[in-house]
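Encoded as structure tokens, the structure appears first; notes follow it.
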Amino acid sequence: MKQVLLIAAGEWRYWLRSQLALGGALIFLVLIVATSLLNNLRMEAEKQTRTRQQTEAEETFLSQPDRHPHRMVHYGHYLFRAPAPLALLDPGIDAVTGQAIFLEGHRQNTVMFAESAASADFGGLSWLSPALIYQLFAPLVIILLGHGSVVRERETAMLAPLLAMGISGRTLIAGKALALLSFAVCLLLPLVAGGAMALAGGETLIALLSLFGAYCVYLALWVALTLLASTTFKKHSTVLAVTTALWFGFSLVLPAVAVDLASNSEPVAGKIETDLAMLADSRKVGDGHNANDPALQQLRADLLEKHSVERIEDLPVNFRGIVAMEAEQKLTKVLNDYAASRMAAERRQEKRLIDYGWLTPVLAVAFLSRSIAGTDLAHYHRFQRAAEAVRFAFVQGLNRVHVEKLSYQDDINRNKNEAAWQRARVDASNWQVLDTFQFRTAGISQRIQHASSSIRILLAWLTVMFGILFWCGGKIKP
Amino acid sequence: MKLQADSLHIMRSGQEVLSGISFSVDSGEIYALLGGNGAGKSTTLLSFLGFLPPSSGRVCVNGNDVESDIALARKVIAYLPESVSLYGHLNAYENIDYLLQLSGVSASGEKINTALDQVSLMPAARQRKLRDYSKGMRQRVAIALAILRDTDILLLDEPSSGLDPGAIDEFHQIVRNLADNGKAILMVTHDVYGACQVADKIGLLHNGKLVGEYAATEQAHIDTETVHKAFSSTADSPAHALSA
Amino acid sequence: MADSDVWNIVLVWRQDKTMSAFNALIREAKFTARDRTVGFWMAVVLGLSSMSVGFGLIEVERQNTTIQNLIHADQQDRSGGFEKFEDWGSAAYYSFHLTYDPPSDFAYAAMGQRDAQPWKHRIRMLALEGQIYERDAGNPSMAQIGRFDFAFFAAFIIPLVLIMLLYDLRTSELGAGRHDLLEAATGQPFCFWLLRACLRAGGLFLCLIAPLIIAGIIAGTTASKLALASLWIFAYTALWTLLCFSISAWRKPGAVILMTLITIWISAAVILPAAGRLAIDKLVPVPSGADILMLQRETVNDAWDLPRQATMDAFFSRHPEWSDYEPVKSAFEWPWYYAFQHVGDQQAEHLSTAYRDGRLQRARIAALLSLLAPPSLLERSLQSLANTDLHSSIRYEAGVRTYHAALRAYYYPKFFRNAPFDKSLLKNLPKFEPGQ
């Protein structure tokens, strides 16, 4: 053990005296600190803007004058999604998903205005975030520092004397690995600092530790890979070439190839195509504006029977409101079915993509990281479901007001004249059916559970890599 | 016997590199293994360190079979490879300190200085990084390390290659002193003159066979033709040249 | 490279110093072809290039199929729907109209903005601002990573392969102790190294471009587009070759050269674009999309509570030709309904224009800035050739607006002249023609 520590310390001393290592580490440090700061500022601004927009939207809704309740159903409401606390480290898919949604009766709108749609276009790599830097560039620094660790001893003919001094190959590799791992932890310090800010933003410590752990495992994997190459090849130029080629294969080529493979093997139908089918299905439900819609005749008969009256005018409730409520209920079921099947299709496609993590750990860590950060597809869906819940609640709340607080006579006569128009409205206090909304990420255990397959993949990579390294260490020859 | 090879056979990548050589080195003795490229000199050294297991025969260190306890053998051996470079980014003290600690020995700065005095490394050079050292100076540091490790046995691989004649003489003096202090020293070399100068015993290795062994007193009688043959014919055998 | 190869070169060189450049080329070409590392990278590039255009062709095919299916479904929807209409207003209200932007003949090489911006809409006669930003985007999980299209491969991966091929052009020979020998033998070392570098880069260029051309023939791409694309890719490859060549001439360890080149790549491919994007987004403010939508909806909603005349006046100010319209005395009138829909668009127009102009302005500055970031420059150039850049998507947006205007021009005379409803006239509805 003492030897392992000595070797690790010796490696650190080598780096501290190597301009290449220092230069690489310094560039990385500047990059990660600058990105973290910029991202932090941006996220803070986003959070404030969206929280303000949300408050404004709620105030505007509540301050609407007395009206016919169905007018408010169509007036609608906006929801804004404030970034998750850990988004300042990993914004995940937030840039390509919309952050605002308009809610109204009888419709489920899409989440609109993704930042990427309006931003200056420089391609995918320009969406630099601390997470992307850790996923893409931290491995490069590890390669830079680690590629020579064993092959340098070999090339300077120090390997034989070291082994001859009774240091086993495994001890040597363990020492080098310890040095590189401790360096990797140093690389992650800015992540911890960023995490502390997320902590202040309401994130749990467990989430932060999980994120830290995920990147530790990921970087450890690159440590093993680098050491493995350094042990296997006899020339350090070969080691460098192989590891660099693996780096851009893993981080740039394979993820993009996986996207194409997944989109071909598990295609998701476009929204317009599914909307066509959905429209046909929703027409069967009946038009909630039309109390005479044939699809709603059964409802009318049942109601009349229930209240033992002959005419809908004699019902104690507003039949038009009942119709609106019933139609909304049925329509929402259709809409939800379609939404659920679209989300399921997207999840299946994503699952396929996650499985390609077996080919490249970069994909696995990307999914794990954004799952923990709460900026993944699951949270995008979560926002859509939350938005739908808000929509359904306030629309049905307004419909209930329509049923209970507006008389049927006033309602059907509303277009007779100005006075009738004025009568067919309810008090603005009824708009309080709208709940305030704040998007929250899922609990950390749920997030981690959701990322379980990525975790499995990363751990499998780690085990296999260190297993091979351990095996190679035993066979090391000068 | 400190070092002993007993009808040692070694295969490397399907080729027999050593075909049954036997010799021994005792305390206080310098044994020079002489031969051309590919004769199997370095292979012999590495087999004492347990890097190359014998296909038949055996190698013993301190009377113990190396194969049975490699770690035990390595504990008592100091090994200097041909192109000894040590760590270029460290100075002499740092190199010695680091490597000593790795081998589980600790030494004060005073002891290190004494050892460096013993190998006559100029005090002015001791604080400089080793990447600025000549080969001779690096070799002295390596010897100082061996002295401090206080091992019984010293294995030297081509110690005189790349040194100027003056440096060779000084180096031989250091080695002689070590032997006189009771170390067993095995060096492999293709420097016939140097070997004759310093060695107590010379083994002539040719194509993996020991073709002659001469004590210091007999050295005058070394048949130049045998030596010449030993060095020239190996060049005709590229397979051996590659596997060296 | 075996030492015997070197000796061959040296000997041949010595024998005939006046040998033609052509012979030198052939000899070096043979030499390069024997290099297994070079061969490996050529195979990788050929494979990945084929894969990228293959994916591109499949995607273009899929998009075309989608468009065909939509056109078919749209026609069915229309022919079935006409029956139940009783007036012009409800005919306009319930009819959807398909608009689309088919992929170009070069889209297989660069999907560009087609993954982020809409290229198909089903629009109605209602306020357009509420519809035109609807995104039919795919899975965001996939969009975040981006496709492996040819443009990405050529612009971002190829420089890295070139770096791998060329960084140790000299250091490997130095390490093997052959460098000085070779330089001494050639007499003109600069030309020798340059020839070797150009051969490697040239081989790589051919492996890169061959699948593109073949795919172009399959897709029926116009020759001029292919030629232009090849020219740009050639210039781009040459640029990186020269860069790698000059940096690899440093008398520095291979690791330093490699890391220097990779740092240059990171700066050009990641840092500069990222910083540029942040700066441009800051410098050129674009109204929030949500604001456009909110303003438009507020206007439309408020119209229900306003005196009808206020809405009509606002409408007539932009459409004086209908100002002699005689409102029908009824609870609800369609002309008024469509008028306030359009007034909603009118109110949001300044924001919408600012949104479009802002995006264009950002794109213009980005184009300038990408002169400093060659990977972005090449990617953008290929995207503009493929009509998949922001300009194309804004052209499509403009096409949709024009079409919406044509729909209004069709319906307005019916509304404001109180024309009697005639189903047969619906056949004359304007058809959307995808713009060129």
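Here's how to read the names in the structure tokens: chain A, B, ... by the order shown, residue numbers from 1 in each chain, ligand numbers from 1 in the order shown.
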
Chain A contacts on chain C, only C-alpha atoms, 8 Å, as a PDB file with N, CA and C atoms, in the first residue's frame:
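After the write, selection07.pdb holds the following:
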ATOM      1  N   PHE C  55     -27.753   7.016 -43.883  1.00  0.00           N
ATOM      2  CA  PHE C  55     -28.760   7.503 -42.931  1.00  0.00           C
ATOM      3  C   PHE C  55     -29.527   8.675 -43.537  1.00  0.00           C
ATOM      4  N   LEU C  70     -49.308  12.480 -45.712  1.00  0.00           N
ATOM      5  CA  LEU C  70     -50.072  13.621 -45.218  1.00  0.00           C
ATOM      6  C   LEU C  70     -50.934  14.210 -46.327  1.00  0.00           C
ATOM      7  N   ALA C  73     -53.815  11.871 -46.716  1.00  0.00           N
ATOM      8  CA  ALA C  73     -54.755  11.982 -45.593  1.00  0.00           C
ATOM      9  C   ALA C  73     -55.498  13.312 -45.628  1.00  0.00           C
ATOM     10  N   ALA C 116     -34.943  20.776 -36.115  1.00  0.00           N
ATOM     11  CA  ALA C 116     -35.333  21.705 -35.055  1.00  0.00           C
ATOM     12  C   ALA C 116     -36.516  22.576 -35.453  1.00  0.00           C
ATOM     13  N   GLN C 117     -36.592  22.943 -36.725  1.00  0.00           N
ATOM     14  CA  GLN C 117     -37.646  23.856 -37.170  1.00  0.00           C
ATOM     15  C   GLN C 117     -38.731  23.065 -37.882  1.00  0.00           C
ATOM     16  N   LYS C 120     -43.569  21.079 -41.661  1.00  0.00           N
ATOM     17  CA  LYS C 120     -44.933  20.734 -42.068  1.00  0.00           C
ATOM     18  C   LYS C 120     -45.905  21.333 -41.061  1.00  0.00           C
ATOM     19  N   HIS C 121     -46.976  21.882 -41.573  1.00  0.00           N
ATOM     20  CA  HIS C 121     -48.007  22.472 -40.725  1.00  0.00           C
ATOM     21  C   HIS C 121     -49.349  22.107 -41.321  1.00  0.00           C
ATOM     22  N   ARG C 122     -50.358  21.941 -40.464  1.00  0.00           N
ATOM     23  CA  ARG C 122     -51.722  21.938 -40.986  1.00  0.00           C
ATOM     24  C   ARG C 122     -52.353  23.192 -40.426  1.00  0.00           C
ATOM     25  N   TYR C 133     -45.938  28.616 -35.012  1.00  0.00           N
ATOM     26  CA  TYR C 133     -44.808  28.203 -34.179  1.00  0.00           C
ATOM     27  C   TYR C 133     -45.006  26.815 -33.585  1.00  0.00           C
ATOM     28  N   GLU C 134     -46.145  26.193 -33.907  1.00  0.00           N
ATOM     29  CA  GLU C 134     -46.349  24.808 -33.471  1.00  0.00           C
ATOM     30  C   GLU C 134     -45.193  23.992 -34.036  1.00  0.00           C
ATOM     31  N   ARG C 135     -44.557  23.255 -33.133  1.00  0.00           N
ATOM     32  CA  ARG C 135     -43.435  22.459 -33.639  1.00  0.00           C
ATOM     33  C   ARG C 135     -43.853  21.016 -33.717  1.00  0.00           C
ATOM     34  N   ASP C 136     -43.528  20.416 -34.829  1.00  0.00           N
ATOM     35  CA  ASP C 136     -43.754  18.985 -34.940  1.00  0.00           C
ATOM     36  C   ASP C 136     -42.404  18.314 -34.772  1.00  0.00           C
ATOM     37  N   ALA C 137     -41.731  18.688 -33.674  1.00  0.00           N
ATOM     38  CA  ALA C 137     -40.365  18.203 -33.498  1.00  0.00           C
ATOM     39  C   ALA C 137     -40.376  16.766 -33.036  1.00  0.00           C
ATOM     40  N   GLY C 138     -39.310  16.082 -33.354  1.00  0.00           N
ATOM     41  CA  GLY C 138     -39.184  14.691 -32.947  1.00  0.00           C
ATOM     42  C   GLY C 138     -38.789  14.591 -31.492  1.00  0.00           C
ATOM     43  N   ASN C 139     -38.321  13.424 -31.125  1.00  0.00           N
ATOM     44  CA  ASN C 139     -37.910  13.140 -29.768  1.00  0.00           C
ATOM     45  C   ASN C 139     -36.764  14.066 -29.346  1.00  0.00           C
ATOM     46  N   PRO C 140     -36.978  14.894 -28.309  1.00  0.00           N
ATOM     47  CA  PRO C 140     -35.909  15.827 -27.920  1.00  0.00           C
ATOM     48  C   PRO C 140     -34.644  15.114 -27.453  1.00  0.00           C
ATOM     49  N   SER C 141     -34.827  13.902 -26.937  1.00  0.00           N
ATOM     50  CA  SER C 141     -33.670  13.138 -26.488  1.00  0.00           C
ATOM     51  C   SER C 141     -32.714  12.874 -27.646  1.00  0.00           C
ATOM     52  N   MET C 142     -33.292  12.713 -28.826  1.00  0.00           N
ATOM     53  CA  MET C 142     -32.483  12.454 -30.017  1.00  0.00           C
ATOM     54  C   MET C 142     -31.959  13.775 -30.582  1.00  0.00           C
ATOM     55  N   ALA C 143     -32.849  14.776 -30.594  1.00  0.00           N
ATOM     56  CA  ALA C 143     -32.465  16.062 -31.178  1.00  0.00           C
ATOM     57  C   ALA C 143     -31.305  16.683 -30.422  1.00  0.00           C
ATOM     58  N   GLN C 144     -31.256  16.398 -29.112  1.00  0.00           N
ATOM     59  CA  GLN C 144     -30.190  17.003 -28.308  1.00  0.00           C
ATOM     60  C   GLN C 144     -28.818  16.509 -28.763  1.00  0.00           C
ATOM     61  N   ILE C 145     -28.731  15.261 -29.136  1.00  0.00           N
ATOM     62  CA  ILE C 145     -27.436  14.719 -29.585  1.00  0.00           C
ATOM     63  C   ILE C 145     -27.195  15.091 -31.042  1.00  0.00           C
ATOM     64  N   GLY C 146     -28.235  15.004 -31.833  1.00  0.00           N
ATOM     65  CA  GLY C 146     -28.089  15.359 -33.239  1.00  0.00           C
ATOM     66  C   GLY C 146     -27.749  14.150 -34.080  1.00  0.00           C
ATOM     67  N   ARG C 147     -28.090  14.279 -35.335  1.00  0.00           N
ATOM     68  CA  ARG C 147     -27.878  13.171 -36.257  1.00  0.00           C
ATOM     69  C   ARG C 147     -26.427  13.038 -36.666  1.00  0.00           C
ATOM     70  N   PHE C 148     -26.127  11.839 -37.153  1.00  0.00           N
ATOM     71  CA  PHE C 148     -24.819  11.629 -37.762  1.00  0.00           C
ATOM     72  C   PHE C 148     -24.979  11.885 -39.251  1.00  0.00           C
ATOM     73  N   PHE C 153     -20.284  14.973 -39.969  1.00  0.00           N
ATOM     74  CA  PHE C 153     -19.111  14.113 -40.104  1.00  0.00           C
ATOM     75  C   PHE C 153     -17.953  14.864 -40.772  1.00  0.00           C
ATOM     76  N   ILE C 157     -15.734  15.653 -37.590  1.00  0.00           N
ATOM     77  CA  ILE C 157     -14.935  14.441 -37.343  1.00  0.00           C
ATOM     78  C   ILE C 157     -13.713  14.391 -38.258  1.00  0.00           C
ATOM     79  N   LEU C 160     -10.466  15.759 -37.085  1.00  0.00           N
ATOM     80  CA  LEU C 160      -9.820  14.920 -36.074  1.00  0.00           C
ATOM     81  C   LEU C 160      -9.088  13.750 -36.727  1.00  0.00           C
ATOM     82  N   MET C 164      -5.121  12.921 -36.648  1.00  0.00           N
ATOM     83  CA  MET C 164      -4.537  11.625 -36.308  1.00  0.00           C
ATOM     84  C   MET C 164      -3.582  11.142 -37.406  1.00  0.00           C
ATOM     85  N   SER C 172       7.045  10.657 -35.926  1.00  0.00           N
ATOM     86  CA  SER C 172       7.165   9.201 -35.940  1.00  0.00           C
ATOM     87  C   SER C 172       8.484   8.790 -36.576  1.00  0.00           C
ATOM     88  N   GLY C 254       5.648  14.413 -30.060  1.00  0.00           N
ATOM     89  CA  GLY C 254       4.368  14.147 -30.719  1.00  0.00           C
ATOM     90  C   GLY C 254       3.181  14.522 -29.863  1.00  0.00           C
ATOM     91  N   ALA C 255       3.291  14.266 -28.547  1.00  0.00           N
ATOM     92  CA  ALA C 255       2.158  14.543 -27.668  1.00  0.00           C
ATOM     93  C   ALA C 255       1.822  16.031 -27.679  1.00  0.00           C
ATOM     94  N   VAL C 256       2.859  16.865 -27.702  1.00  0.00           N
ATOM     95  CA  VAL C 256       2.627  18.315 -27.701  1.00  0.00           C
ATOM     96  C   VAL C 256       1.935  18.725 -28.994  1.00  0.00           C
ATOM     97  N   MET C 259      -1.697  17.474 -28.993  1.00  0.00           N
ATOM     98  CA  MET C 259      -2.567  18.225 -28.092  1.00  0.00           C
ATOM     99  C   MET C 259      -2.787  19.655 -28.590  1.00  0.00           C
ATOM    100  N   ALA C 269     -14.170  24.246 -33.132  1.00  0.00           N
ATOM    101  CA  ALA C 269     -15.409  23.482 -33.271  1.00  0.00           C
ATOM    102  C   ALA C 269     -16.346  23.664 -32.088  1.00  0.00           C
ATOM    103  N   VAL C 270     -15.800  24.009 -30.930  1.00  0.00           N
ATOM    104  CA  VAL C 270     -16.657  24.070 -29.746  1.00  0.00           C
ATOM    105  C   VAL C 270     -16.640  25.444 -29.078  1.00  0.00           C
ATOM    106  N   ILE C 271     -15.443  25.883 -28.696  1.00  0.00           N
ATOM    107  CA  ILE C 271     -15.377  27.093 -27.867  1.00  0.00           C
ATOM    108  C   ILE C 271     -15.881  28.315 -28.629  1.00  0.00           C
ATOM    109  N   PRO C 273     -17.736  28.615 -31.422  1.00  0.00           N
ATOM    110  CA  PRO C 273     -19.183  28.600 -31.664  1.00  0.00           C
ATOM    111  C   PRO C 273     -20.005  28.817 -30.395  1.00  0.00           C
ATOM    112  N   ALA C 274     -19.571  28.186 -29.291  1.00  0.00           N
ATOM    113  CA  ALA C 274     -20.349  28.328 -28.057  1.00  0.00           C
ATOM    114  C   ALA C 274     -20.314  29.765 -27.572  1.00  0.00           C
ATOM    115  N   ALA C 275     -19.116  30.328 -27.563  1.00  0.00           N
ATOM    116  CA  ALA C 275     -18.990  31.715 -27.112  1.00  0.00           C
ATOM    117  C   ALA C 275     -19.730  32.634 -28.077  1.00  0.00           C
ATOM    118  N   ARG C 277     -22.280  31.943 -29.952  1.00  0.00           N
ATOM    119  CA  ARG C 277     -23.728  31.825 -29.796  1.00  0.00           C
ATOM    120  C   ARG C 277     -24.213  32.642 -28.600  1.00  0.00           C
ATOM    121  N   ILE C 280     -23.885  36.370 -29.514  1.00  0.00           N
ATOM    122  CA  ILE C 280     -24.879  36.818 -30.497  1.00  0.00           C
ATOM    123  C   ILE C 280     -26.269  36.867 -29.875  1.00  0.00           C
ATOM    124  N   ASP C 281     -26.601  35.844 -29.091  1.00  0.00           N
ATOM    125  CA  ASP C 281     -27.922  35.828 -28.466  1.00  0.00           C
ATOM    126  C   ASP C 281     -28.092  37.005 -27.520  1.00  0.00           C
ATOM    127  N   VAL C 286     -34.122  38.887 -29.254  1.00  0.00           N
ATOM    128  CA  VAL C 286     -35.245  38.429 -30.051  1.00  0.00           C
ATOM    129  C   VAL C 286     -36.418  38.333 -29.085  1.00  0.00           C
ATOM    130  N   GLY C 289     -40.849  34.114 -27.767  1.00  0.00           N
ATOM    131  CA  GLY C 289     -41.943  33.536 -28.538  1.00  0.00           C
ATOM    132  C   GLY C 289     -43.250  33.575 -27.767  1.00  0.00           C
ATOM    133  N   ALA C 290     -43.122  33.368 -26.455  1.00  0.00           N
ATOM    134  CA  ALA C 290     -44.327  33.333 -25.631  1.00  0.00           C
ATOM    135  C   ALA C 290     -45.046  34.682 -25.682  1.00  0.00           C
ATOM    136  N   ARG C 297     -53.174  36.161 -28.449  1.00  0.00           N
ATOM    137  CA  ARG C 297     -54.340  35.536 -27.810  1.00  0.00           C
ATOM    138  C   ARG C 297     -55.134  36.548 -27.004  1.00  0.00           C
ATOM    139  N   GLU C 298     -54.406  37.447 -26.323  1.00  0.00           N
ATOM    140  CA  GLU C 298     -55.088  38.498 -25.559  1.00  0.00           C
ATOM    141  C   GLU C 298     -55.985  39.291 -26.482  1.00  0.00           C
ATOM    142  N   ASN C 301     -58.952  37.258 -27.571  1.00  0.00           N
ATOM    143  CA  ASN C 301     -59.909  37.063 -26.480  1.00  0.00           C
ATOM    144  C   ASN C 301     -60.635  38.341 -26.111  1.00  0.00           C
ATOM    145  N   ALA C 331     -76.498  37.257 -33.383  1.00  0.00           N
ATOM    146  CA  ALA C 331     -75.705  37.055 -32.171  1.00  0.00           C
ATOM    147  C   ALA C 331     -74.238  36.819 -32.523  1.00  0.00           C
ATOM    148  N   PHE C 332     -74.073  36.058 -33.534  1.00  0.00           N
ATOM    149  CA  PHE C 332     -72.708  35.713 -33.905  1.00  0.00           C
ATOM    150  C   PHE C 332     -72.553  35.845 -35.407  1.00  0.00           C
ATOM    151  N   ARG C 359     -33.994  36.561 -35.698  1.00  0.00           N
ATOM    152  CA  ARG C 359     -33.376  35.273 -36.033  1.00  0.00           C
ATOM    153  C   ARG C 359     -32.479  35.409 -37.256  1.00  0.00           C
ATOM    154  N   ARG C 362     -29.351  37.217 -36.276  1.00  0.00           N
ATOM    155  CA  ARG C 362     -28.461  36.289 -35.572  1.00  0.00           C
ATOM    156  C   ARG C 362     -27.761  35.369 -36.574  1.00  0.00           C
ATOM    157  N   ALA C 363     -28.520  34.907 -37.538  1.00  0.00           N
ATOM    158  CA  ALA C 363     -27.935  34.004 -38.536  1.00  0.00           C
ATOM    159  C   ALA C 363     -26.866  34.728 -39.343  1.00  0.00           C
ATOM    160  N   ALA C 366     -23.831  35.122 -37.192  1.00  0.00           N
ATOM    161  CA  ALA C 366     -23.244  33.786 -37.032  1.00  0.00           C
ATOM    162  C   ALA C 366     -22.478  33.390 -38.290  1.00  0.00           C
ATOM    163  N   SER C 376     -17.947  25.193 -38.345  1.00  0.00           N
ATOM    164  CA  SER C 376     -19.288  25.779 -38.491  1.00  0.00           C
ATOM    165  C   SER C 376     -19.497  26.271 -39.915  1.00  0.00           C
TER     166      SER C 376
END

Which residues are near Leu204 of chain B? Cut-off 7 Å, only C-alpha atoms, ignore same chain within fewer than 4 positions. Put them as an mmCIF file with N, CA and C atoms, in the first residue's frame.
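File result.cif, as written:
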data_model
loop_
_atom_site.group_PDB
_atom_site.id
_atom_site.type_symbol
_atom_site.label_atom_id
_atom_site.label_comp_id
_atom_site.auth_asym_id
_atom_site.auth_seq_id
_atom_site.Cartn_x
_atom_site.Cartn_y
_atom_site.Cartn_z
ATOM 1 N N LEU B 33 29.861 -11.561 -18.614
ATOM 2 C CA LEU B 33 29.332 -12.448 -19.647
ATOM 3 C C LEU B 33 29.530 -11.721 -20.959
ATOM 4 N N LEU B 34 30.358 -12.298 -21.816
ATOM 5 C CA LEU B 34 30.785 -11.612 -23.025
ATOM 6 C C LEU B 34 30.123 -12.251 -24.235
ATOM 7 N N GLY B 35 29.654 -11.437 -25.144
ATOM 8 C CA GLY B 35 29.067 -12.033 -26.348
ATOM 9 C C GLY B 35 28.581 -10.965 -27.296
ATOM 10 N N LEU B 210 27.432 -21.337 -23.617
ATOM 11 C CA LEU B 210 28.648 -20.833 -23.010
ATOM 12 C C LEU B 210 29.812 -21.574 -23.658
ATOM 13 N N VAL B 211 30.569 -20.875 -24.519
ATOM 14 C CA VAL B 211 31.602 -21.576 -25.286
ATOM 15 C C VAL B 211 32.971 -21.495 -24.630
ATOM 16 N N GLY B 212 33.077 -20.754 -23.550
ATOM 17 C CA GLY B 212 34.360 -20.710 -22.875
ATOM 18 C C GLY B 212 34.243 -19.957 -21.580
ATOM 19 N N GLU B 213 35.002 -20.308 -20.597
ATOM 20 C CA GLU B 213 34.998 -19.607 -19.325
ATOM 21 C C GLU B 213 36.432 -19.436 -18.874
#

Discussion item. I want to know what sits within 7 Å of Leu3 of chain B, based on only C-alpha atoms, with residues of the same chain fewer than 5 positions away left out; could you give that as JSON, numbers by chain?
Written reply: {"B": [24, 25, 26, 60, 61, 62]}

Practice prompt. With a cut-off of 6 Å and counting only C-alpha atoms, select all residues of chain B in contact with chain A and give the selection as a ChimeraX atom specification.
Written response: /B:71,74,79,85,102-103

Residues as selected, C-alpha atoms, written as a PDB file, in the first residue's frame, can you do that?
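Printed below is selection.pdb as written:
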ATOM      1  CA  ALA B  71      10.116 -11.613  -4.789  1.00  0.00           C
ATOM      2  CA  ARG B  74      14.495  -9.497  -6.426  1.00  0.00           C
ATOM      3  CA  TYR B  79      19.610  -4.258 -11.565  1.00  0.00           C
ATOM      4  CA  SER B  85      17.758   6.806 -17.493  1.00  0.00           C
ATOM      5  CA  LEU B 102       9.753   2.265  -3.319  1.00  0.00           C
ATOM      6  CA  SER B 103      12.088  -0.589  -2.474  1.00  0.00           C
TER       7      SER B 103
END

Item to complete: Determine, counting only C-alpha atoms, which protein, DNA and RNA residues have an atom within 9 Å of an atom of Arg114 of chain C; residues of the same chain fewer than 4 positions away are not included. Present the result as JSON, numbers by chain.
Response: {"C": [103, 118, 119, 137, 388, 389, 393]}

Selection to disk with N, CA and C atoms, as a tab-separated table (two decimals), in the first residue's frame:
chain	number	residue	atom	x	y	z
C	103	PRO	N	-37.91	17.84	-48.55
C	103	PRO	CA	-36.44	17.89	-48.49
C	103	PRO	C	-35.86	18.08	-49.90
C	118	PRO	N	-39.95	23.59	-37.82
C	118	PRO	CA	-41.04	22.86	-38.48
C	118	PRO	C	-40.89	22.86	-40.00
C	119	TRP	N	-41.26	21.74	-40.63
C	119	TRP	CA	-41.28	21.71	-42.09
C	119	TRP	C	-42.62	21.19	-42.59
C	137	ALA	N	-41.73	18.69	-33.67
C	137	ALA	CA	-40.36	18.20	-33.50
C	137	ALA	C	-40.38	16.77	-33.04
C	388	THR	N	-31.37	23.52	-45.94
C	388	THR	CA	-31.80	23.11	-44.61
C	388	THR	C	-31.29	24.09	-43.57
C	389	ASP	N	-30.94	25.30	-44.01
C	389	ASP	CA	-30.47	26.28	-43.04
C	389	ASP	C	-31.65	27.14	-42.56
C	393	SER	N	-35.75	27.70	-43.69
C	393	SER	CA	-36.91	27.44	-42.85
C	393	SER	C	-37.73	28.72	-42.71

Discussion item. Rounded to one decimal, what separation in Å do you get between atom CA of Gln63 of chain C and atom CA of Ala219 of chain C?
Written reply: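 Computing the Euclidean distance for atom CA of Gln63 of chain C and atom CA of Ala219 of chain C yields 13.6 Å.
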
Worksheet item: Which of segment 218-282 of chain A counts as alpha helix (DSSP H) under DSSP, as number ranges by chain please?
Response: A: 218-232, 236-248, 254-265, 271-282

Practice prompt. For atom CA of Asp117 of chain B and atom CA of Ala195 of chain B, quote the distance in Å rounded to one decimal.
Written response: 24.8 Å

Worksheet item: Distance atom CA of Asn399 of chain A-atom CA of Met325 of chain A, one decimal place?
Response: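 Pair atom CA of Asn399 of chain A / atom CA of Met325 of chain A returns 5.6 Å.
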
Worksheet item: Can you list every residue in segment 143-211 of chain B that DSSP puts in strand (DSSP E), as a list in words?
Response: Ile153, Leu154, Leu155, Leu156, Asp157, Ala184, Ile185, Leu186, Met187, Val188, Thr189, Lys201, Ile202, Gly203, Leu204, Leu205, His206, Lys209, Leu210 and Val211 of chain B
